[in-house]
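Structure first, commentary second.
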Amino acid sequence: MLGRGYWTPDEPREADIAWRMSWQAQKAVPLLAGEAFCEKPPLTYWLAAVPIRLFGAEAWAARLPNLLYAMIAALGVGLLARRSAGRVAGLVGAAAMSTFLLSYQVAIWLATDAPLLASVSIALLGAYLGFYATQTRERLHGYLLMHTALGLGFLCKSAVVWMVPALAMVSLAVWEKRWRELLRWELYVGLALQAAMIFTWIWFVYVGPDGPAHLKVFFWNNLIGRFTRIDAPNELQYAAAHRNTPGKYLIELPLYLAPWTLLVIAALRRAWRQRKTSFDDYRPVRFALAASLPPLVILSMAATARNIYFAPALPGIALLLGWWAREISGRADRWDIRALRATAALLLLGVLVFIVALGVIGADGWNTMSSHAAFIVISAGGLIIAAALALRAWTAAHDQVQRAQWSLLLAYCALLAGPASQVYARVDTWQDLGSIARAIERDAAGKPLILFAPDETTRAMIDMYARTTVDLIPGPIDAAAIDRLRADVGAAPQSLIVVQLPGRARLVAQRFAHYLGLRRSASAETPDDEPQPAWVHAARLRLGKSYSLPNGRRYALFEWQPAPSNPR
């Protein structure tokens, strides 16, 4: 979260928006490289802008609020599980919420998903307190907590924050045949609080420059357009990107829940076997399933699909895992024990995977590492501790299931703190886009810059690290774009053109294969050795300078090549 730079995809874009928010005068609409970015409301960028303004545009500063979001998400799920299933469930639920692979990814990534997940976690806690309250005051307090969290979540990532809590409450009302709970006045009085928060922001957008057009993108293109294709320009066709496929979420779900996938399966098995238990004892299971299964169905029908879209459903699964931990505390059966031992085996497999990954990383970057000793000690220490704890979990699973669970958790943490941290450190050198942008600015020496068919990452890195005013020619690269480029360069012959080049074949695996003697030699090609894009000649450009990150992005700085004069 705090020990690496901005990584693609998405983080450079989010960083540029937060950086601009730290100094732009109009705060209602986020700006990407100076242009309105109406995909998300601004609260996440407001919060990230505060440490940026205090400490600078470093990645650790921009991500500092993520630590708060992660803590809030764990606290919300922990309190929910404790309230519904007891102390053991609270501890396990909070731990699971923090360590599912998907929730871990969300927590460490600079994006709007981390505050969204925190908001949903607190909203579900409020929904549970309100739905199962026996007194009016307690019910009102629960629903007010829910509406406060939903209002803040809306300002982070729009109406998607409503999906999980709303589906959970409707599902519970149907399942438990308690329709009256949806008619209580305490459920709706908090809508005024939400409305005050949301419509205040909407008003400031509306009265700002191009307010109605921005609101249309916020609420029509970016919400309805995620589920179906609508009449809009190509750049606003959100359904065209990240296309969904039948069963995508079900197929990928085991990865989202790693490394606790097998434990979740064991929890579902026990939930099915105990479905005829007392109504009150089964309440945590009903709430957990209501908060996770309906969102899975809805997301499966959407036109777009990304793994992070499923993140708001994770609190329900963490609650289910907490309930399961309570149930097996005194009476684990053979399938529960098998799930614990199989998870230990998976973590041991993870140790082997990291050994291979560290070998690849070490072979690729040994000569450029700042400290070989730290790389070896931290990696080896983490691997040894993780392996020892996984083996301890295996032996304890038979008669000490709680100790086995905590051993599994600590083994996973050892993998992240040890070998994973060293992998991150190396990958970070492949993601240093700021160095490329600063080099481009230095080599441009004050000349006009044209970004030709840039993606959001390129626009963001140039804006943050080079200059905030450039000429932009959007993609795709076709005859019209080339004609415009020639016209712009013809009007300003001193202009330099920034172009992202295709990725190269110099991959870490190939270098590692060389070290193993499986290839004759490592690739010695440089960016200048490779063929230039076909359109370069048509645009009358020549290569000025090229830039590349090891195993990362590549860019080129082109300059105009005047046509030769005709001899008399």
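Naming scheme: A, B, ... for chains in displayed order of the structure tokens; residues 1 onward per chain; ligands 1 onward as shown.
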Can you list, as a PyMOL selection string, every protein, DNA or RNA residue that comes within 7 Å of Ala59 in chain A when you count only C-alpha atoms, leaving out same-chain residues fewer than 5 positions away? chain A and resi 4-6
Name all residues at most 10 Å from Tyr282 in chain A (count only C-alpha atoms; drop same-chain ones fewer than 6 positions away) and give them as a PyMOL selection string. chain A and resi 84-85+271+274-276+323
Selection to disk with all heavy atoms, as a PDB file, in the first residue's frame:
```
ATOM      1  N   SER A  84     -23.725 -10.821  15.175  1.00  0.00           N
ATOM      2  CA  SER A  84     -24.630 -11.873  14.713  1.00  0.00           C
ATOM      3  C   SER A  84     -24.213 -13.269  15.153  1.00  0.00           C
ATOM      4  O   SER A  84     -25.072 -14.138  15.304  1.00  0.00           O
ATOM      5  CB  SER A  84     -24.714 -11.840  13.183  1.00  0.00           C
ATOM      6  OG  SER A  84     -23.443 -12.081  12.599  1.00  0.00           O
ATOM      7  N   ALA A  85     -22.909 -13.503  15.350  1.00  0.00           N
ATOM      8  CA  ALA A  85     -22.456 -14.881  15.617  1.00  0.00           C
ATOM      9  C   ALA A  85     -21.443 -15.002  16.736  1.00  0.00           C
ATOM     10  O   ALA A  85     -20.936 -16.096  16.968  1.00  0.00           O
ATOM     11  CB  ALA A  85     -21.875 -15.487  14.340  1.00  0.00           C
ATOM     12  N   ALA A 271     -23.464 -24.860   6.167  1.00  0.00           N
ATOM     13  CA  ALA A 271     -24.693 -24.074   6.150  1.00  0.00           C
ATOM     14  C   ALA A 271     -25.850 -24.895   5.565  1.00  0.00           C
ATOM     15  O   ALA A 271     -26.986 -24.820   6.043  1.00  0.00           O
ATOM     16  CB  ALA A 271     -24.487 -22.794   5.352  1.00  0.00           C
ATOM     17  N   GLN A 274     -26.970 -27.563   8.075  1.00  0.00           N
ATOM     18  CA  GLN A 274     -27.636 -27.031   9.260  1.00  0.00           C
ATOM     19  C   GLN A 274     -28.799 -26.117   8.903  1.00  0.00           C
ATOM     20  O   GLN A 274     -29.226 -25.293   9.710  1.00  0.00           O
ATOM     21  CB  GLN A 274     -26.626 -26.276  10.142  1.00  0.00           C
ATOM     22  CG  GLN A 274     -25.534 -27.166  10.694  1.00  0.00           C
ATOM     23  CD  GLN A 274     -24.581 -26.436  11.635  1.00  0.00           C
ATOM     24  OE1 GLN A 274     -23.473 -26.880  11.900  1.00  0.00           O
ATOM     25  NE2 GLN A 274     -25.004 -25.308  12.166  1.00  0.00           N
ATOM     26  N   ARG A 275     -29.317 -26.255   7.672  1.00  0.00           N
ATOM     27  CA  ARG A 275     -30.378 -25.354   7.217  1.00  0.00           C
ATOM     28  C   ARG A 275     -31.658 -25.498   8.022  1.00  0.00           C
ATOM     29  O   ARG A 275     -32.503 -24.589   8.017  1.00  0.00           O
ATOM     30  CB  ARG A 275     -30.659 -25.588   5.740  1.00  0.00           C
ATOM     31  CG  ARG A 275     -31.219 -26.957   5.408  1.00  0.00           C
ATOM     32  CD  ARG A 275     -31.268 -27.181   3.907  1.00  0.00           C
ATOM     33  NE  ARG A 275     -31.853 -28.479   3.540  1.00  0.00           N
ATOM     34  CZ  ARG A 275     -31.204 -29.625   3.561  1.00  0.00           C
ATOM     35  NH1 ARG A 275     -29.922 -29.648   3.935  1.00  0.00           N
ATOM     36  NH2 ARG A 275     -31.810 -30.751   3.209  1.00  0.00           N
ATOM     37  N   LYS A 276     -31.846 -26.611   8.730  1.00  0.00           N
ATOM     38  CA  LYS A 276     -33.057 -26.821   9.514  1.00  0.00           C
ATOM     39  C   LYS A 276     -32.836 -26.530  10.997  1.00  0.00           C
ATOM     40  O   LYS A 276     -33.659 -26.898  11.828  1.00  0.00           O
ATOM     41  CB  LYS A 276     -33.546 -28.256   9.337  1.00  0.00           C
ATOM     42  CG  LYS A 276     -33.995 -28.562   7.903  1.00  0.00           C
ATOM     43  CD  LYS A 276     -34.537 -29.982   7.780  1.00  0.00           C
ATOM     44  CE  LYS A 276     -34.987 -30.261   6.347  1.00  0.00           C
ATOM     45  NZ  LYS A 276     -35.513 -31.650   6.182  1.00  0.00           N
ATOM     46  N   TRP A 323     -19.107 -17.232  10.835  1.00  0.00           N
ATOM     47  CA  TRP A 323     -20.096 -18.147  11.426  1.00  0.00           C
ATOM     48  C   TRP A 323     -19.567 -19.576  11.419  1.00  0.00           C
ATOM     49  O   TRP A 323     -19.709 -20.302  12.406  1.00  0.00           O
ATOM     50  CB  TRP A 323     -21.394 -18.056  10.634  1.00  0.00           C
ATOM     51  CG  TRP A 323     -22.375 -19.140  10.955  1.00  0.00           C
ATOM     52  CD1 TRP A 323     -23.274 -19.158  11.978  1.00  0.00           C
ATOM     53  CD2 TRP A 323     -22.553 -20.379  10.243  1.00  0.00           C
ATOM     54  NE1 TRP A 323     -24.000 -20.325  11.960  1.00  0.00           N
ATOM     55  CE2 TRP A 323     -23.572 -21.097  10.906  1.00  0.00           C
ATOM     56  CE3 TRP A 323     -21.950 -20.947   9.132  1.00  0.00           C
ATOM     57  CZ2 TRP A 323     -24.001 -22.351  10.472  1.00  0.00           C
ATOM     58  CZ3 TRP A 323     -22.367 -22.196   8.694  1.00  0.00           C
ATOM     59  CH2 TRP A 323     -23.380 -22.889   9.366  1.00  0.00           C
TER      60      TRP A 323
END
```
Go ahead and compute the interatomic distance for CA of Thr136 in chain A and CA of Val160 in chain A, in Å to one decimal. 28.6 Å
Need the shell around range 435-445 of chain A: protein/DNA/RNA residues with any atom at most 9 Å away, counting only C-alpha atoms. Skip same-chain ones fewer than 6 positions apart. Format as a VMD selection string? chain A and resid 458 461 to 467 495 to 496 498 545 547 to 549 554 to 557
Need to verify the contact set: Ala344 in chain A, 12 Å, only C-alpha atoms, exclusion of same-chain residues closer than 4 positions in sequence. Can you return it as number ranges by chain? A: 259-263, 337-340, 348-351, 386-397, 404-412
Quick one: residues within 10 Å of Val189 in chain A, only C-alpha atoms counted, chain neighbours fewer than 3 positions away excluded, as a list of chain:residue names?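 After dropping sequence-adjacent residues, the list is A:Leu140, A:Tyr143, A:Leu144, A:His147, A:Arg184, A:Trp185, A:Glu186, A:Ala192, A:Leu193, A:Gln194.
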Need to verify the contact set: range 65-80 of chain A, 7 Å, only C-alpha atoms, exclusion of same-chain residues closer than 6 positions in sequence. Can you return it as a short mmCIF file (atom, residue, chain, number, x, y, z; two decimals) with N, CA, C and O atoms, in the first residue's frame?
```
data_model
loop_
_atom_site.label_atom_id
_atom_site.label_comp_id
_atom_site.auth_asym_id
_atom_site.auth_seq_id
_atom_site.Cartn_x
_atom_site.Cartn_y
_atom_site.Cartn_z
N LEU A 47 -10.29 13.17 -0.62
CA LEU A 47 -9.55 12.62 0.52
C LEU A 47 -8.09 12.34 0.15
O LEU A 47 -7.19 12.57 0.96
N ALA A 48 -7.84 11.84 -1.05
CA ALA A 48 -6.46 11.60 -1.47
C ALA A 48 -5.70 12.90 -1.67
O ALA A 48 -4.48 12.96 -1.51
N GLY A 90 -16.50 -12.70 14.97
CA GLY A 90 -16.06 -11.33 14.72
C GLY A 90 -14.59 -11.27 14.33
O GLY A 90 -14.21 -10.57 13.39
N LEU A 91 -13.76 -12.02 15.04
CA LEU A 91 -12.33 -12.01 14.74
C LEU A 91 -12.05 -12.64 13.38
O LEU A 91 -11.30 -12.10 12.56
N GLY A 93 -14.19 -13.09 10.89
CA GLY A 93 -14.78 -12.29 9.82
C GLY A 93 -13.91 -11.11 9.44
O GLY A 93 -13.72 -10.82 8.25
N ALA A 94 -13.38 -10.40 10.44
CA ALA A 94 -12.51 -9.26 10.16
C ALA A 94 -11.23 -9.71 9.46
O ALA A 94 -10.76 -9.05 8.52
N MET A 97 -12.06 -10.68 5.87
CA MET A 97 -12.34 -9.49 5.07
C MET A 97 -11.05 -8.78 4.65
O MET A 97 -10.98 -8.18 3.58
N SER A 98 -10.04 -8.86 5.47
CA SER A 98 -8.78 -8.17 5.18
C SER A 98 -7.87 -8.98 4.27
O SER A 98 -6.92 -8.40 3.72
N ALA A 107 -7.80 -3.07 -1.33
CA ALA A 107 -7.27 -2.24 -0.26
C ALA A 107 -5.98 -1.55 -0.65
O ALA A 107 -5.74 -0.39 -0.28
N ILE A 108 -5.10 -2.22 -1.39
CA ILE A 108 -3.79 -1.64 -1.68
C ILE A 108 -3.79 -0.82 -2.97
O ILE A 108 -2.78 -0.19 -3.29
N ALA A 114 -11.72 0.95 -2.86
CA ALA A 114 -11.40 0.79 -1.43
C ALA A 114 -12.40 1.53 -0.54
O ALA A 114 -12.95 0.94 0.40
N PRO A 115 -12.69 2.82 -0.78
CA PRO A 115 -13.72 3.46 0.04
C PRO A 115 -15.11 2.89 -0.20
O PRO A 115 -15.94 2.89 0.71
N LEU A 117 -15.82 -0.29 -0.69
CA LEU A 117 -15.89 -1.50 0.12
C LEU A 117 -16.06 -1.15 1.60
O LEU A 117 -16.82 -1.82 2.31
N ALA A 118 -15.36 -0.12 2.05
CA ALA A 118 -15.53 0.31 3.44
C ALA A 118 -16.95 0.79 3.69
O ALA A 118 -17.55 0.47 4.72
N SER A 121 -19.38 -2.16 3.85
CA SER A 121 -19.22 -2.92 5.09
C SER A 121 -19.97 -2.26 6.24
O SER A 121 -20.67 -2.93 7.02
N ILE A 122 -19.83 -0.95 6.37
CA ILE A 122 -20.53 -0.23 7.43
C ILE A 122 -22.03 -0.20 7.16
O ILE A 122 -22.85 -0.30 8.09
N LEU A 125 -23.52 -3.40 8.27
CA LEU A 125 -23.63 -3.42 9.73
C LEU A 125 -24.86 -2.65 10.17
O LEU A 125 -25.64 -3.14 11.01
N PRO A 315 -18.12 -8.81 2.07
CA PRO A 315 -18.48 -8.82 3.49
C PRO A 315 -19.43 -9.96 3.85
O PRO A 315 -19.31 -10.55 4.94
N LEU A 319 -18.64 -12.87 6.59
CA LEU A 319 -19.55 -13.20 7.69
C LEU A 319 -19.84 -14.69 7.73
O LEU A 319 -19.86 -15.31 8.81
#
```
Need to verify the contact set: Gly362 in chain A, 10 Å, only C-alpha atoms, exclusion of same-chain residues closer than 6 positions in sequence. Can you return it as a list of chain:residue names? A:Val356, A:Thr368, A:Met369, A:His372, A:Phe375, A:Ile376, A:Gln422, A:Val423, A:Arg426, A:Val508, A:Phe512
Writer output for current selection, N, CA, C and O atoms, as a PDB file, in the first residue's frame:
```pdb
ATOM      1  N   VAL A 356       9.882 -20.078  -7.125  1.00  0.00           N
ATOM      2  CA  VAL A 356      10.091 -19.940  -8.569  1.00  0.00           C
ATOM      3  C   VAL A 356      10.068 -18.463  -8.972  1.00  0.00           C
ATOM      4  O   VAL A 356      10.928 -18.000  -9.743  1.00  0.00           O
ATOM      5  N   THR A 368      21.085  -5.235 -10.744  1.00  0.00           N
ATOM      6  CA  THR A 368      20.595  -3.884 -10.443  1.00  0.00           C
ATOM      7  C   THR A 368      19.956  -3.768  -9.067  1.00  0.00           C
ATOM      8  O   THR A 368      19.434  -2.713  -8.724  1.00  0.00           O
ATOM      9  N   MET A 369      19.984  -4.826  -8.285  1.00  0.00           N
ATOM     10  CA  MET A 369      19.399  -4.771  -6.942  1.00  0.00           C
ATOM     11  C   MET A 369      20.270  -3.921  -6.028  1.00  0.00           C
ATOM     12  O   MET A 369      21.500  -3.985  -6.075  1.00  0.00           O
ATOM     13  N   HIS A 372      21.460  -7.189  -2.111  1.00  0.00           N
ATOM     14  CA  HIS A 372      21.262  -8.628  -2.292  1.00  0.00           C
ATOM     15  C   HIS A 372      20.941  -9.302  -0.966  1.00  0.00           C
ATOM     16  O   HIS A 372      20.132 -10.233  -0.906  1.00  0.00           O
ATOM     17  N   PHE A 375      17.300  -8.870   0.010  1.00  0.00           N
ATOM     18  CA  PHE A 375      16.459  -9.697  -0.857  1.00  0.00           C
ATOM     19  C   PHE A 375      16.458 -11.142  -0.380  1.00  0.00           C
ATOM     20  O   PHE A 375      15.402 -11.779  -0.280  1.00  0.00           O
ATOM     21  N   ILE A 376      17.624 -11.661  -0.059  1.00  0.00           N
ATOM     22  CA  ILE A 376      17.732 -13.059   0.353  1.00  0.00           C
ATOM     23  C   ILE A 376      17.132 -13.280   1.729  1.00  0.00           C
ATOM     24  O   ILE A 376      16.350 -14.215   1.945  1.00  0.00           O
ATOM     25  N   GLN A 422       9.314  -8.578  -1.853  1.00  0.00           N
ATOM     26  CA  GLN A 422      10.475  -8.496  -2.734  1.00  0.00           C
ATOM     27  C   GLN A 422      10.074  -8.541  -4.206  1.00  0.00           C
ATOM     28  O   GLN A 422      10.696  -7.896  -5.050  1.00  0.00           O
ATOM     29  N   VAL A 423       9.028  -9.313  -4.500  1.00  0.00           N
ATOM     30  CA  VAL A 423       8.505  -9.301  -5.865  1.00  0.00           C
ATOM     31  C   VAL A 423       7.962  -7.918  -6.199  1.00  0.00           C
ATOM     32  O   VAL A 423       8.220  -7.370  -7.281  1.00  0.00           O
ATOM     33  N   ARG A 426      10.660  -5.401  -7.042  1.00  0.00           N
ATOM     34  CA  ARG A 426      11.236  -5.525  -8.377  1.00  0.00           C
ATOM     35  C   ARG A 426      10.258  -5.056  -9.449  1.00  0.00           C
ATOM     36  O   ARG A 426      10.639  -4.346 -10.385  1.00  0.00           O
ATOM     37  N   VAL A 508      10.621 -11.440 -18.591  1.00  0.00           N
ATOM     38  CA  VAL A 508      11.436 -12.023 -17.532  1.00  0.00           C
ATOM     39  C   VAL A 508      11.639 -13.517 -17.750  1.00  0.00           C
ATOM     40  O   VAL A 508      12.731 -14.051 -17.553  1.00  0.00           O
ATOM     41  N   PHE A 512      15.131 -15.614 -17.797  1.00  0.00           N
ATOM     42  CA  PHE A 512      15.365 -16.711 -16.870  1.00  0.00           C
ATOM     43  C   PHE A 512      15.707 -17.984 -17.640  1.00  0.00           C
ATOM     44  O   PHE A 512      16.581 -18.764 -17.234  1.00  0.00           O
TER      45      PHE A 512
END
```
Pick the closest to Ala325 in chain A from A:Met163, A:Ala538, A:Ala266, A:Val174: which is it, counting only C-alpha atoms? A:Ala266
Mind giving me the straight-line distance from CA of Ala332 in chain A to CA of Arg83 in chain A in Å, one decimal? 22.5 Å
Choose the residue, out of A:Leu64, A:Ile52, A:Ala313, A:Ile17, that has the smallest atom-to-atom separation from Arg459 in chain A; count only C-alpha atoms.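 With only C-alpha atoms as the atom set, the closest residue is A:Ile17.
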Using only C-alpha atoms, pick whichever of A:Ala479, A:Glu39, A:Ala342, A:Tyr128 has the shortest atom-to-atom distance to Phe219 in chain A. A:Glu39
